[in-house]
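Listing of structure.cif, mmCIF, C-alpha atoms
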data_run
loop_
_atom_site.label_atom_id
_atom_site.label_comp_id
_atom_site.auth_asym_id
_atom_site.auth_seq_id
_atom_site.Cartn_x
_atom_site.Cartn_y
_atom_site.Cartn_z
CA MET A 222 85.77 115.06 77.95
CA THR A 223 87.48 118.28 77.03
CA ASN A 224 84.77 120.68 78.17
CA LEU A 225 86.46 122.34 81.12
CA SER A 226 84.72 124.59 83.61
CA PRO A 227 85.46 128.32 83.57
CA PRO A 228 88.66 129.19 85.52
CA PRO A 229 88.07 129.19 89.28
CA ASN A 230 88.18 132.47 91.21
CA HIS A 231 90.00 132.92 94.52
CA ARG A 232 87.13 131.76 96.67
CA GLN A 233 86.62 128.64 94.56
CA LEU A 234 90.35 127.88 94.74
CA LEU A 235 90.29 128.18 98.52
CA ILE A 236 87.23 125.96 98.87
CA GLY A 237 88.40 123.43 96.30
CA MET A 238 91.78 122.97 97.96
CA ALA A 239 90.16 122.76 101.39
CA GLN A 240 87.99 119.99 99.96
CA VAL A 241 91.13 118.18 98.77
CA ALA A 242 92.67 118.48 102.23
CA LEU A 243 89.54 117.22 103.98
CA SER A 244 88.96 114.33 101.55
CA SER A 245 92.50 113.10 101.99
CA PHE A 246 92.27 112.62 105.76
CA GLY A 247 93.54 109.07 105.96
CA GLY A 248 95.92 109.41 103.04
CA GLY A 249 96.18 109.72 99.30
CA LEU A 250 96.47 113.49 98.99
CA SER A 251 97.77 113.27 95.43
CA ALA A 252 94.97 111.03 94.19
CA TRP A 253 92.30 113.21 95.82
CA SER A 254 93.77 116.33 94.36
CA GLN A 255 93.49 114.87 90.85
CA ARG A 256 89.99 113.49 91.46
CA ILE A 257 88.65 116.82 92.66
CA VAL A 258 90.50 119.19 90.33
CA VAL A 259 90.20 117.11 87.15
CA ASP A 260 87.16 114.83 87.52
CA GLN A 261 84.78 116.71 89.78
CA ARG A 262 85.42 120.39 89.23
CA ARG A 263 86.88 120.10 85.73
CA TRP A 264 89.31 122.97 86.21
CA MET A 265 92.13 121.19 84.41
CA SER A 266 92.54 118.36 81.93
CA ASP A 267 94.53 115.31 83.00
CA GLU A 268 97.41 116.54 80.90
CA GLN A 269 97.45 119.99 82.49
CA PHE A 270 97.31 118.39 85.92
CA LEU A 271 100.24 116.06 85.21
CA THR A 272 102.32 118.95 83.91
CA GLY A 273 101.65 120.67 87.22
CA LEU A 274 102.71 117.58 89.12
CA THR A 275 106.00 117.52 87.21
CA VAL A 276 106.69 121.14 88.15
CA ALA A 277 105.65 120.54 91.75
CA ARG A 278 108.06 117.61 92.10
CA LEU A 279 110.92 119.39 90.40
CA PHE A 280 110.96 122.52 92.55
CA PRO A 281 111.78 122.70 96.26
CA GLY A 282 108.96 122.43 98.74
CA PRO A 283 106.47 119.74 99.77
CA ASN A 284 105.02 118.20 96.59
CA GLN A 285 101.37 118.45 97.53
CA ILE A 286 101.69 122.02 98.72
CA ASN A 287 103.58 122.93 95.55
CA MET A 288 100.80 121.34 93.52
CA ALA A 289 98.22 123.54 95.22
CA VAL A 290 100.44 126.56 94.57
CA TYR A 291 100.70 125.55 90.91
CA ILE A 292 96.93 125.25 90.54
CA GLY A 293 96.34 128.61 92.21
CA ALA A 294 99.04 130.37 90.20
CA TYR A 295 97.88 128.79 86.95
CA PHE A 296 94.46 130.41 87.24
CA GLN A 297 94.95 133.53 89.35
CA GLY A 298 98.67 134.25 89.66
CA LEU A 299 100.33 134.97 92.99
CA THR A 300 97.13 135.76 94.91
CA GLY A 301 95.49 132.62 93.53
CA ALA A 302 98.47 130.63 94.77
CA MET A 303 98.02 132.12 98.25
CA ALA A 304 94.30 131.25 98.24
CA ALA A 305 95.02 127.66 97.19
CA LEU A 306 97.80 127.38 99.77
CA ALA A 307 95.50 128.60 102.53
CA GLY A 308 92.85 126.15 101.39
CA ILE A 309 95.08 123.09 101.48
CA LEU A 310 96.84 123.97 104.74
CA LEU A 311 94.32 125.55 107.10
CA THR A 312 92.45 122.48 108.29
CA PRO A 313 95.30 119.98 108.62
CA PHE A 314 97.67 122.56 110.10
CA SER A 315 95.14 123.71 112.69
CA LEU A 316 94.52 120.09 113.63
CA LEU A 317 98.25 119.42 113.92
CA MET A 318 98.69 122.51 116.11
CA ALA A 319 95.94 121.26 118.42
CA LEU A 320 97.71 117.89 118.62
CA GLY A 321 100.99 119.67 119.30
CA LEU A 322 99.54 121.71 122.16
CA ILE A 323 98.16 118.52 123.69
CA TYR A 324 101.48 116.74 123.17
CA PHE A 325 103.53 119.35 125.01
CA GLN A 326 101.06 119.21 127.92
CA VAL A 327 101.03 115.43 128.35
CA HIS A 328 104.25 113.98 126.96
CA GLN A 329 105.86 113.59 130.35
CA ILE A 330 103.17 111.25 131.65
CA PRO A 331 104.89 107.82 131.75
CA ALA A 332 102.00 105.95 130.12
CA VAL A 333 101.92 108.43 127.23
CA ASP A 334 105.67 108.18 126.85
CA ARG A 335 105.51 104.39 126.63
CA VAL A 336 102.90 104.48 123.86
CA LEU A 337 104.90 107.15 122.03
CA ALA A 338 108.06 105.01 122.22
CA GLY A 339 106.22 102.43 120.12
CA VAL A 340 104.71 104.91 117.67
CA VAL A 341 108.10 106.54 117.21
CA ALA A 342 109.71 103.20 116.31
CA ALA A 343 107.06 102.71 113.61
CA ALA A 344 107.56 106.25 112.30
CA ALA A 345 111.31 105.64 112.11
CA GLY A 346 110.59 102.65 109.89
CA MET A 347 108.60 104.95 107.62
CA ALA A 348 111.54 107.36 107.44
CA LEU A 349 113.85 104.48 106.56
CA SER A 350 111.58 103.38 103.71
CA MET A 351 111.77 106.76 101.90
CA GLY A 352 115.17 106.08 100.34
CA PHE A 353 114.34 102.49 99.36
CA ARG A 354 111.21 103.73 97.63
CA ILE A 355 113.13 105.67 94.99
CA LEU A 356 116.22 103.43 94.92
CA GLY A 357 114.75 101.35 92.07
CA SER A 358 114.86 104.26 89.62
CA TYR A 359 118.64 104.53 89.97
CA TRP A 360 119.54 100.87 90.16
CA ARG A 361 120.99 100.69 86.66
CA ASP A 362 122.99 103.91 86.78
CA PRO A 363 126.29 103.31 88.62
CA ILE A 364 127.19 107.00 88.53
CA ALA A 365 123.91 107.90 90.22
CA LEU A 366 124.49 105.26 92.88
CA ALA A 367 128.02 106.55 93.45
CA LEU A 368 126.70 110.11 93.81
CA ALA A 369 124.05 108.91 96.25
CA ALA A 370 126.63 106.94 98.23
CA ALA A 371 129.01 109.91 98.36
CA THR A 372 126.16 112.15 99.53
CA PHE A 373 125.25 109.63 102.23
CA VAL A 374 128.83 109.30 103.47
CA ALA A 375 129.33 113.06 103.48
CA LEU A 376 126.18 113.58 105.57
CA VAL A 377 126.37 110.62 107.95
CA VAL A 378 130.10 109.92 108.38
CA VAL A 379 131.78 113.26 107.68
CA GLN A 380 128.72 115.13 109.05
CA VAL A 381 128.71 117.85 106.43
CA ARG A 382 125.65 120.09 106.76
CA LEU A 383 122.97 119.91 104.10
CA ILE A 384 123.22 123.40 102.61
CA PRO A 385 126.96 123.33 101.78
CA LEU A 386 126.57 119.76 100.56
CA VAL A 387 123.80 120.66 98.09
CA LEU A 388 125.69 123.76 96.96
CA VAL A 389 128.77 121.68 96.11
CA ALA A 390 127.31 118.34 95.00
CA GLY A 391 124.41 119.91 93.08
CA PRO A 392 126.51 121.67 90.41
CA VAL A 393 128.81 118.65 90.08
CA ALA A 394 125.86 116.34 89.46
CA MET A 395 124.23 118.84 87.11
CA ALA A 396 127.44 119.13 85.08
CA TRP A 397 127.63 115.36 84.79
CA TYR A 398 124.03 115.04 83.68
CA TRP A 399 124.06 118.10 81.42
CA PRO A 400 122.23 116.96 78.28
CA ARG A 401 124.71 116.18 75.52
CA PRO A 402 123.78 115.41 71.94
CA GLY A 403 123.94 111.68 71.47
CA SER A 404 123.74 110.79 75.17
CA PRO A 405 120.85 108.50 76.07
CA GLY A 406 117.80 110.60 76.85
CA GLY A 407 119.61 113.77 75.86
CA VAL A 408 118.14 116.52 73.73
CA ALA A 409 119.45 114.81 70.60
CA SER A 410 115.98 113.49 69.88
CA LYS A 411 114.68 116.98 69.24
CA MET B 9 122.23 112.50 128.57
CA MET B 10 119.71 115.03 129.84
CA GLU B 11 120.69 118.66 130.17
CA ALA B 12 123.52 118.21 127.72
CA CYS B 13 122.08 121.14 125.88
CA THR B 14 120.45 124.21 127.38
CA GLN B 15 118.45 126.66 125.40
CA LEU B 16 119.84 130.15 125.30
CA ARG B 17 117.53 132.49 127.17
CA GLN B 18 116.75 135.48 125.07
CA GLY B 19 113.91 137.91 124.53
CA ASP B 20 110.66 136.54 123.11
CA TRP B 21 110.95 138.54 119.95
CA SER B 22 114.55 137.69 119.13
CA GLN B 23 113.71 134.05 119.74
CA LEU B 24 110.88 134.37 117.22
CA LEU B 25 113.14 136.07 114.69
CA GLU B 26 115.66 133.28 115.06
CA VAL B 27 112.97 130.70 114.32
CA ILE B 28 111.88 132.64 111.23
CA ARG B 29 115.42 133.15 109.97
CA THR B 30 116.28 129.47 110.48
CA PHE B 31 113.38 128.15 108.44
CA LEU B 32 113.50 130.85 105.76
CA SER B 33 117.06 129.89 104.95
CA LEU B 34 116.27 126.16 104.68
CA SER B 35 113.20 126.48 102.48
CA LEU B 36 114.85 126.35 99.08
CA PHE B 37 116.89 123.29 100.03
CA SER B 38 113.84 121.07 100.48
CA LEU B 39 114.53 118.78 97.53
CA GLY B 40 112.41 115.79 96.71
CA GLY B 41 109.29 116.88 98.53
CA GLY B 42 110.72 118.26 101.75
CA ASN B 43 111.57 115.18 103.80
CA THR B 44 115.20 115.71 102.85
CA LEU B 45 115.33 118.47 105.47
CA LEU B 46 114.48 116.24 108.45
CA ALA B 47 118.07 115.59 109.53
CA GLU B 48 118.79 119.31 109.27
CA TYR B 49 115.70 120.09 111.38
CA HIS B 50 117.04 117.66 113.95
CA HIS B 51 120.47 119.25 113.98
CA LEU B 52 119.06 122.76 114.40
CA SER B 53 116.32 122.11 116.92
CA VAL B 54 118.14 119.52 119.07
CA ASP B 55 121.89 120.12 118.76
CA GLN B 56 122.24 123.76 117.83
CA TYR B 57 119.39 125.70 119.45
CA CYS B 58 118.31 123.13 122.05
CA TRP B 59 114.64 123.76 121.47
CA LEU B 60 113.86 120.07 121.93
CA THR B 61 115.31 116.90 123.45
CA PRO B 62 116.09 114.08 120.99
CA SER B 63 113.07 112.07 122.13
CA GLN B 64 110.78 115.09 121.79
CA PHE B 65 112.01 115.49 118.23
CA ALA B 66 111.26 111.83 117.52
CA ASP B 67 107.78 112.24 119.06
CA LEU B 68 107.01 115.29 116.92
CA TYR B 69 108.16 113.51 113.80
CA ALA B 70 105.82 110.62 114.58
CA LEU B 71 102.98 113.06 115.31
CA ALA B 72 103.46 114.82 111.97
CA GLU B 73 103.52 111.48 110.15
CA ALA B 74 100.38 110.25 111.89
CA ALA B 75 98.33 113.42 111.44
CA PRO B 76 96.55 114.03 108.12
CA GLY B 77 98.17 116.39 105.66
CA PRO B 78 101.74 116.82 104.41
CA SER B 79 104.28 115.55 106.97
CA SER B 80 106.44 118.60 106.27
CA MET B 81 104.09 120.42 108.66
CA ILE B 82 106.45 119.14 111.36
CA VAL B 83 108.09 122.56 111.02
CA GLY B 84 105.08 124.07 112.80
CA LEU B 85 105.61 121.65 115.68
CA LEU B 86 109.31 122.51 115.88
CA GLY B 87 108.41 126.19 116.02
CA MET B 88 105.97 125.36 118.80
CA GLY B 89 108.67 123.52 120.73
CA ALA B 90 111.06 126.44 120.34
CA ALA B 91 108.73 128.77 122.26
CA TRP B 92 106.90 126.34 124.52
CA ARG B 93 108.42 127.70 127.74
CA GLU B 94 107.13 131.18 126.91
CA GLY B 95 103.59 129.79 127.17
CA PRO B 96 101.06 128.30 124.73
CA LEU B 97 100.26 131.58 122.95
CA TRP B 98 103.89 132.28 122.12
CA ALA B 99 104.25 128.65 121.12
CA LEU B 100 101.37 128.96 118.64
CA LEU B 101 102.70 132.24 117.25
CA SER B 102 106.12 130.67 116.82
CA ALA B 103 104.55 127.60 115.18
CA TYR B 104 102.70 129.64 112.55
CA ALA B 105 105.76 131.83 111.98
CA ALA B 106 107.98 128.77 111.45
CA GLU B 107 105.59 127.15 108.98
CA LEU B 108 105.10 130.37 107.00
CA ALA B 109 108.86 130.94 106.96
CA VAL B 110 109.63 127.50 105.56
CA LEU B 111 106.89 127.76 102.93
CA LEU B 112 107.35 131.33 101.74
CA PRO B 113 110.54 131.07 99.61
CA SER B 114 109.60 127.74 98.00
CA THR B 115 106.08 129.02 97.30
CA LEU B 116 107.31 132.19 95.61
CA LEU B 117 109.73 130.16 93.49
CA MET B 118 106.94 127.75 92.64
CA VAL B 119 104.70 130.62 91.48
CA LEU B 120 107.50 131.87 89.21
CA ALA B 121 108.02 128.34 87.92
CA SER B 122 104.30 127.85 87.19
CA LEU B 123 104.12 131.06 85.23
CA SER B 124 107.29 130.46 83.22
CA TRP B 125 107.12 126.70 82.76
CA ASN B 126 106.81 126.87 78.97
CA MET B 127 110.17 128.58 78.83
CA LEU B 128 111.80 126.22 81.32
CA LYS B 129 110.31 123.02 79.97
CA ASP B 130 112.98 122.18 77.39
CA SER B 131 115.87 124.09 78.90
CA PRO B 132 119.07 122.09 79.49
CA TRP B 133 119.13 123.58 83.00
CA ARG B 134 115.88 121.87 83.81
CA LEU B 135 117.00 118.50 82.43
CA ALA B 136 120.35 118.66 84.21
CA PHE B 137 118.71 119.73 87.48
CA GLU B 138 116.11 117.00 87.32
CA ARG B 139 118.61 114.23 86.62
CA GLY B 140 121.43 115.54 88.78
CA MET B 141 119.38 116.19 91.91
CA GLY B 142 117.76 112.74 91.87
CA PRO B 143 120.81 110.80 93.10
CA ILE B 144 121.62 113.49 95.67
CA THR B 145 118.07 113.29 96.97
CA LEU B 146 118.47 109.52 97.20
CA GLY B 147 121.61 109.89 99.32
CA ILE B 148 119.97 112.50 101.54
CA LEU B 149 116.87 110.36 102.12
CA PHE B 150 118.97 107.42 103.30
CA SER B 151 120.91 109.68 105.65
CA VAL B 152 117.60 111.04 106.99
CA GLY B 153 116.37 107.49 107.54
CA VAL B 154 119.48 106.61 109.54
CA LYS B 155 119.30 109.83 111.56
CA ILE B 156 115.64 109.35 112.50
CA LEU B 157 116.35 105.72 113.35
CA GLN B 158 119.20 106.69 115.68
CA THR B 159 117.15 109.42 117.33
CA SER B 160 114.07 107.29 117.81
CA ASN B 161 115.30 103.91 118.88
CA HIS B 162 117.09 102.35 121.76
CA GLY B 163 117.14 98.61 122.11
CA LEU B 164 116.50 95.64 119.93
CA PRO B 165 112.66 95.54 119.99
CA ALA B 166 112.44 99.13 118.72
CA TYR B 167 114.82 98.43 115.83
CA ALA B 168 112.91 95.25 114.99
CA VAL B 169 109.66 97.25 114.79
CA SER B 170 111.28 99.92 112.61
CA ILE B 171 112.68 97.40 110.16
CA ALA B 172 109.38 95.50 110.03
CA VAL B 173 107.50 98.75 109.31
CA CYS B 174 110.04 99.71 106.64
CA VAL B 175 109.53 96.38 104.86
CA LEU B 176 105.73 96.60 105.19
CA MET B 177 105.75 100.16 103.82
CA LEU B 178 107.58 98.92 100.73
CA ARG B 179 105.74 95.64 100.24
CA THR B 180 102.13 96.43 101.13
CA ARG B 181 99.71 99.28 100.55
CA LEU B 182 98.36 99.28 104.10
CA SER B 183 97.89 102.66 105.74
CA PRO B 184 100.87 103.49 107.98
CA LEU B 185 98.36 104.41 110.67
CA TRP B 186 97.87 100.67 111.29
CA PHE B 187 101.59 100.17 111.88
CA MET B 188 101.65 103.12 114.27
CA ALA B 189 98.61 101.85 116.13
CA VAL B 190 100.06 98.36 116.60
CA ALA B 191 103.48 99.74 117.57
CA GLY B 192 101.81 102.17 119.99
CA LEU B 193 100.02 99.24 121.60
CA LEU B 194 103.30 97.31 121.91
CA GLY B 195 104.86 100.41 123.46
CA GLY B 196 101.98 100.78 125.90
CA LEU B 197 102.44 97.15 126.96
CA GLY B 198 106.06 97.93 127.71
CA VAL B 199 107.58 95.84 124.90
CA ILE B 200 109.38 98.81 123.33
CA ASN B 201 111.55 100.97 125.54
CA ARG B 202 113.64 104.02 125.02
#
Would you encode the structure as structure tokens?
Amino acid sequence: MTNLSPPPNHRQLLIGMAQVALSSFGGGLSAWSQRIVVDQRRWMSDEQFLTGLTVARLFPGPNQINMAVYIGAYFQGLTGAMAALAGILLTPFSLLMALGLIYFQVHQIPAVDRVLAGVVAAAAGMALSMGFRILGSYWRDPIALALAAATFVALVVVQVRLIPLVLVAGPVAMAWYWPRPGSPGGVASK
Amino acid sequence: MMEACTQLRQGDWSQLLEVIRTFLSLSLFSLGGGNTLLAEYHHLSVDQYCWLTPSQFADLYALAEAAPGPSSMIVGLLGMGAAWREGPLWALLSAYAAELAVLLPSTLLMVLASLSWNMLKDSPWRLAFERGMGPITLGILFSVGVKILQTSNHGLPAYAVSIAVCVLMLRTRLSPLWFMAVAGLLGGLGVINR
């Protein structure tokens, strides 16, 4: 199980990530990424991959793109990250650009607009579900819920912009959650 | 409602630079996978710079969700909208510039993070950031949901569809493409208006 392949070079990173992008047409980018990088190509162990996923989720940027950057940087540094990034983005982005060009040509046709009105309502439902999806993890932490509620009110009711909000609320929340010896889940266990 | 907002006419190049500057400065604020920036994208491209009408923004969001790949690629579409009246070639240039601009800072930071993870792993900064940003991300995601809902929908049938899709997204593992296809059909039949 532990016999990994030799580290991929730039070309292999590009092709491997392009394969991830193509396989995931229809969904499941994260699962495909693990299947190809860990099971098929054996570049990383499961453990290494999951560490990468943790880093990718923690830092700003789209998770799946960050994961590709992590894989590229892990093996080949900055240039490897660029190769992996190009691999994961080129096909889907080109396709999206083609769709965009078509959209701007045809969106004023009434029939197209009617269909889009429906699709847009469905997409709005998807946007609404994003918050509910992670709500469960905070359900038992009243402070977290209060922070979330305050953030929501600041953005929606007071209409504070995102950047000042994050710059103010971020440090406050970090200070509250700063690991203290003896606090649950703190560094006391070490 | 129309023409409430008119795009400032300026040179092609300064327009492009504005697009780049806008998305460069937002990049590092894309917490929780990037969707947290959607309401900000709406504010900038619809209210502030008038690149798009509200319904165009909603359309582009739906397009980015329906197309394969990370939905954060909507930034490319916004860049395209910003330069559409200069012609398709400028629109494409602006689209690529916008996407690169929004990805560059977060990518560079991610490279640094990958290379120094062993040092960061047990740092109190990391633990505090991880726990502290979670609730803020939660609040932002709900505000994004409300914003997209307001932008996208007019009328009861549209809201009913959105809420049904939201529940189905949480309760089933069906591909969202099915929901979009059915809703598109309902729209085509004239059930959903805007």
Of A:Trp360, A:Trp264, A:Trp399, A:Phe280, the one nearest to A:Leu225 when counting all atoms listed in the file is A:Trp264
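Each of B:Cys58, B:Leu101, B:Gly41, B:Leu117 was compared to B:Pro78 using all atoms listed in the file, and B:Gly41 turns out to be the nearest.
As for atom CA of A:Phe353 and atom CA of B:Asn161, they are spaced 19.6 Å apart.
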Which residues, written as number ranges by chain, have at least one atom at most 9 Å from B:Met141, with all atoms listed in the file counted and residues fewer than 5 positions away on the same chain left out? A: 387, 390-391, 394-395; B: 39-40, 136, 146
Keeping only C-alpha atoms, take the residues you just selected and write them out as a PDB file, in the coordinates of the input.
ATOM      1  CA  VAL A 387     123.800 120.660  98.090  1.00  0.00           C
ATOM      2  CA  ALA A 390     127.310 118.340  95.000  1.00  0.00           C
ATOM      3  CA  GLY A 391     124.410 119.910  93.080  1.00  0.00           C
ATOM      4  CA  ALA A 394     125.860 116.340  89.460  1.00  0.00           C
ATOM      5  CA  MET A 395     124.230 118.840  87.110  1.00  0.00           C
TER       6      MET A 395
ATOM      7  CA  LEU B  39     114.530 118.780  97.530  1.00  0.00           C
ATOM      8  CA  GLY B  40     112.410 115.790  96.710  1.00  0.00           C
ATOM      9  CA  ALA B 136     120.350 118.660  84.210  1.00  0.00           C
ATOM     10  CA  LEU B 146     118.470 109.520  97.200  1.00  0.00           C
TER      11      LEU B 146
END
Once the PyMOL selection byres ((chain A and resi 309) around 6) is applied to the coordinates I shared, what remains selected? I want it as a PyMOL selection string. chain A and resi 238-239+242+306-308+310
Quick check, in Å to one decimal: how far apart do atom CA of B:Val154 and atom CA of B:Leu46 lie? 10.9 Å
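Between B:Phe150 and the candidates A:Phe325, A:Tyr398, A:Phe373, A:Tyr359, the tightest atom-to-atom separation, counting all atoms listed in the file, involves A:Phe373.
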Which residue gives the smallest distance to B:Leu157 among B:Pro184, B:Pro113, B:Pro96, B:Pro62, with only C-alpha atoms counted? B:Pro62
Need the shell around stretch 121-135 of chain B: protein/DNA/RNA residues with any atom at most 7 Å away, counting all atoms listed in the file. Skip same-chain ones fewer than 3 positions apart. Format as a PyMOL selection string? (chain A and resi 291+294-295+399-400) or (chain B and resi 117-118+138-139)
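The space separating atom CA of B:Leu182 from atom CA of B:Ser151 comes to 24.9 Å.
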Within 6 Å of stretch 23-33 of chain B using all atoms listed in the file, minus same-chain residues under 5 positions, as an MDAnalysis selection string: chainID B and resid 106 109:110
Care to translate the PyMOL selection byres ((chain A and resi 370) around 10) into actual residues of this file, as an mmCIF file with C-alpha atoms, in the frame of the given file?
data_model
loop_
_atom_site.group_PDB
_atom_site.id
_atom_site.type_symbol
_atom_site.label_atom_id
_atom_site.label_comp_id
_atom_site.auth_asym_id
_atom_site.auth_seq_id
_atom_site.Cartn_x
_atom_site.Cartn_y
_atom_site.Cartn_z
ATOM 1 C CA ILE A 364 127.190 107.000 88.530
ATOM 2 C CA ALA A 365 123.910 107.900 90.220
ATOM 3 C CA LEU A 366 124.490 105.260 92.880
ATOM 4 C CA ALA A 367 128.020 106.550 93.450
ATOM 5 C CA LEU A 368 126.700 110.110 93.810
ATOM 6 C CA ALA A 369 124.050 108.910 96.250
ATOM 7 C CA ALA A 371 129.010 109.910 98.360
ATOM 8 C CA THR A 372 126.160 112.150 99.530
ATOM 9 C CA PHE A 373 125.250 109.630 102.230
ATOM 10 C CA VAL A 374 128.830 109.300 103.470
ATOM 11 C CA ALA A 375 129.330 113.060 103.480
ATOM 12 C CA LEU A 376 126.180 113.580 105.570
ATOM 13 C CA PRO B 143 120.810 110.800 93.100
ATOM 14 C CA ILE B 144 121.620 113.490 95.670
ATOM 15 C CA LEU B 146 118.470 109.520 97.200
ATOM 16 C CA GLY B 147 121.610 109.890 99.320
ATOM 17 C CA ILE B 148 119.970 112.500 101.540
ATOM 18 C CA PHE B 150 118.970 107.420 103.300
ATOM 19 C CA SER B 151 120.910 109.680 105.650
#
Could you name the residues that touch B:Ser38 at 9 Å or less, counting all atoms listed in the file, but leaving out those on the same chain fewer than 6 positions away, as a ChimeraX atom specification? /A:280-283 /B:44-45,114
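Candidate residues B:Ala105, B:Ala90, B:Leu178, B:Leu52 were compared for distance to chain A, and the nearest is B:Leu178, using only C-alpha atoms.
The closest residue to chain B, picked from A:Ser350, A:Gln255, A:Asn230, A:Gln326 and counting all atoms listed in the file, is A:Ser350.
Neighbouring residues of B:Ser102 at 7 Å or closer, counting all atoms listed in the file and skipping chain neighbours under 5 positions away, are Leu24, Gly87, Met88 and Ala91 of chain B.
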Since the input lacks some atoms of stretch 78-90 of chain B, please model N, CA and C atoms and print them as a PDB file, in the coordinates of the input.
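Saved file result-v4.pdb follows:
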ATOM      1  N   PRO B  78     100.334 117.030 104.728  1.00  0.00           N
ATOM      2  CA  PRO B  78     101.740 116.820 104.410  1.00  0.00           C
ATOM      3  C   PRO B  78     102.587 116.726 105.677  1.00  0.00           C
ATOM      4  N   SER B  79     103.505 115.740 105.734  1.00  0.00           N
ATOM      5  CA  SER B  79     104.280 115.550 106.970  1.00  0.00           C
ATOM      6  C   SER B  79     105.299 116.670 107.160  1.00  0.00           C
ATOM      7  N   SER B  80     105.519 117.474 106.110  1.00  0.00           N
ATOM      8  CA  SER B  80     106.440 118.600 106.270  1.00  0.00           C
ATOM      9  C   SER B  80     105.892 119.645 107.247  1.00  0.00           C
ATOM     10  N   MET B  81     104.638 119.491 107.657  1.00  0.00           N
ATOM     11  CA  MET B  81     104.090 120.420 108.660  1.00  0.00           C
ATOM     12  C   MET B  81     104.760 120.246 110.014  1.00  0.00           C
ATOM     13  N   ILE B  82     105.680 119.289 110.122  1.00  0.00           N
ATOM     14  CA  ILE B  82     106.450 119.140 111.360  1.00  0.00           C
ATOM     15  C   ILE B  82     107.135 120.450 111.737  1.00  0.00           C
ATOM     16  N   VAL B  83     107.433 121.282 110.743  1.00  0.00           N
ATOM     17  CA  VAL B  83     108.090 122.560 111.020  1.00  0.00           C
ATOM     18  C   VAL B  83     107.261 123.396 112.002  1.00  0.00           C
ATOM     19  N   GLY B  84     105.944 123.361 111.851  1.00  0.00           N
ATOM     20  CA  GLY B  84     105.080 124.070 112.800  1.00  0.00           C
ATOM     21  C   GLY B  84     105.281 123.561 114.217  1.00  0.00           C
ATOM     22  N   LEU B  85     105.407 122.236 114.351  1.00  0.00           N
ATOM     23  CA  LEU B  85     105.610 121.650 115.680  1.00  0.00           C
ATOM     24  C   LEU B  85     106.966 122.031 116.260  1.00  0.00           C
ATOM     25  N   LEU B  86     107.979 122.100 115.396  1.00  0.00           N
ATOM     26  CA  LEU B  86     109.310 122.510 115.880  1.00  0.00           C
ATOM     27  C   LEU B  86     109.259 123.951 116.370  1.00  0.00           C
ATOM     28  N   GLY B  87     108.564 124.809 115.600  1.00  0.00           N
ATOM     29  CA  GLY B  87     108.410 126.190 116.020  1.00  0.00           C
ATOM     30  C   GLY B  87     107.696 126.273 117.361  1.00  0.00           C
ATOM     31  N   MET B  88     106.701 125.416 117.538  1.00  0.00           N
ATOM     32  CA  MET B  88     105.970 125.360 118.800  1.00  0.00           C
ATOM     33  C   MET B  88     106.902 124.982 119.949  1.00  0.00           C
ATOM     34  N   GLY B  89     107.729 123.953 119.709  1.00  0.00           N
ATOM     35  CA  GLY B  89     108.670 123.520 120.730  1.00  0.00           C
ATOM     36  C   GLY B  89     109.663 124.601 121.106  1.00  0.00           C
ATOM     37  N   ALA B  90     110.061 125.390 120.103  1.00  0.00           N
ATOM     38  CA  ALA B  90     111.060 126.440 120.340  1.00  0.00           C
ATOM     39  C   ALA B  90     110.564 127.451 121.357  1.00  0.00           C
TER      40      ALA B  90
END
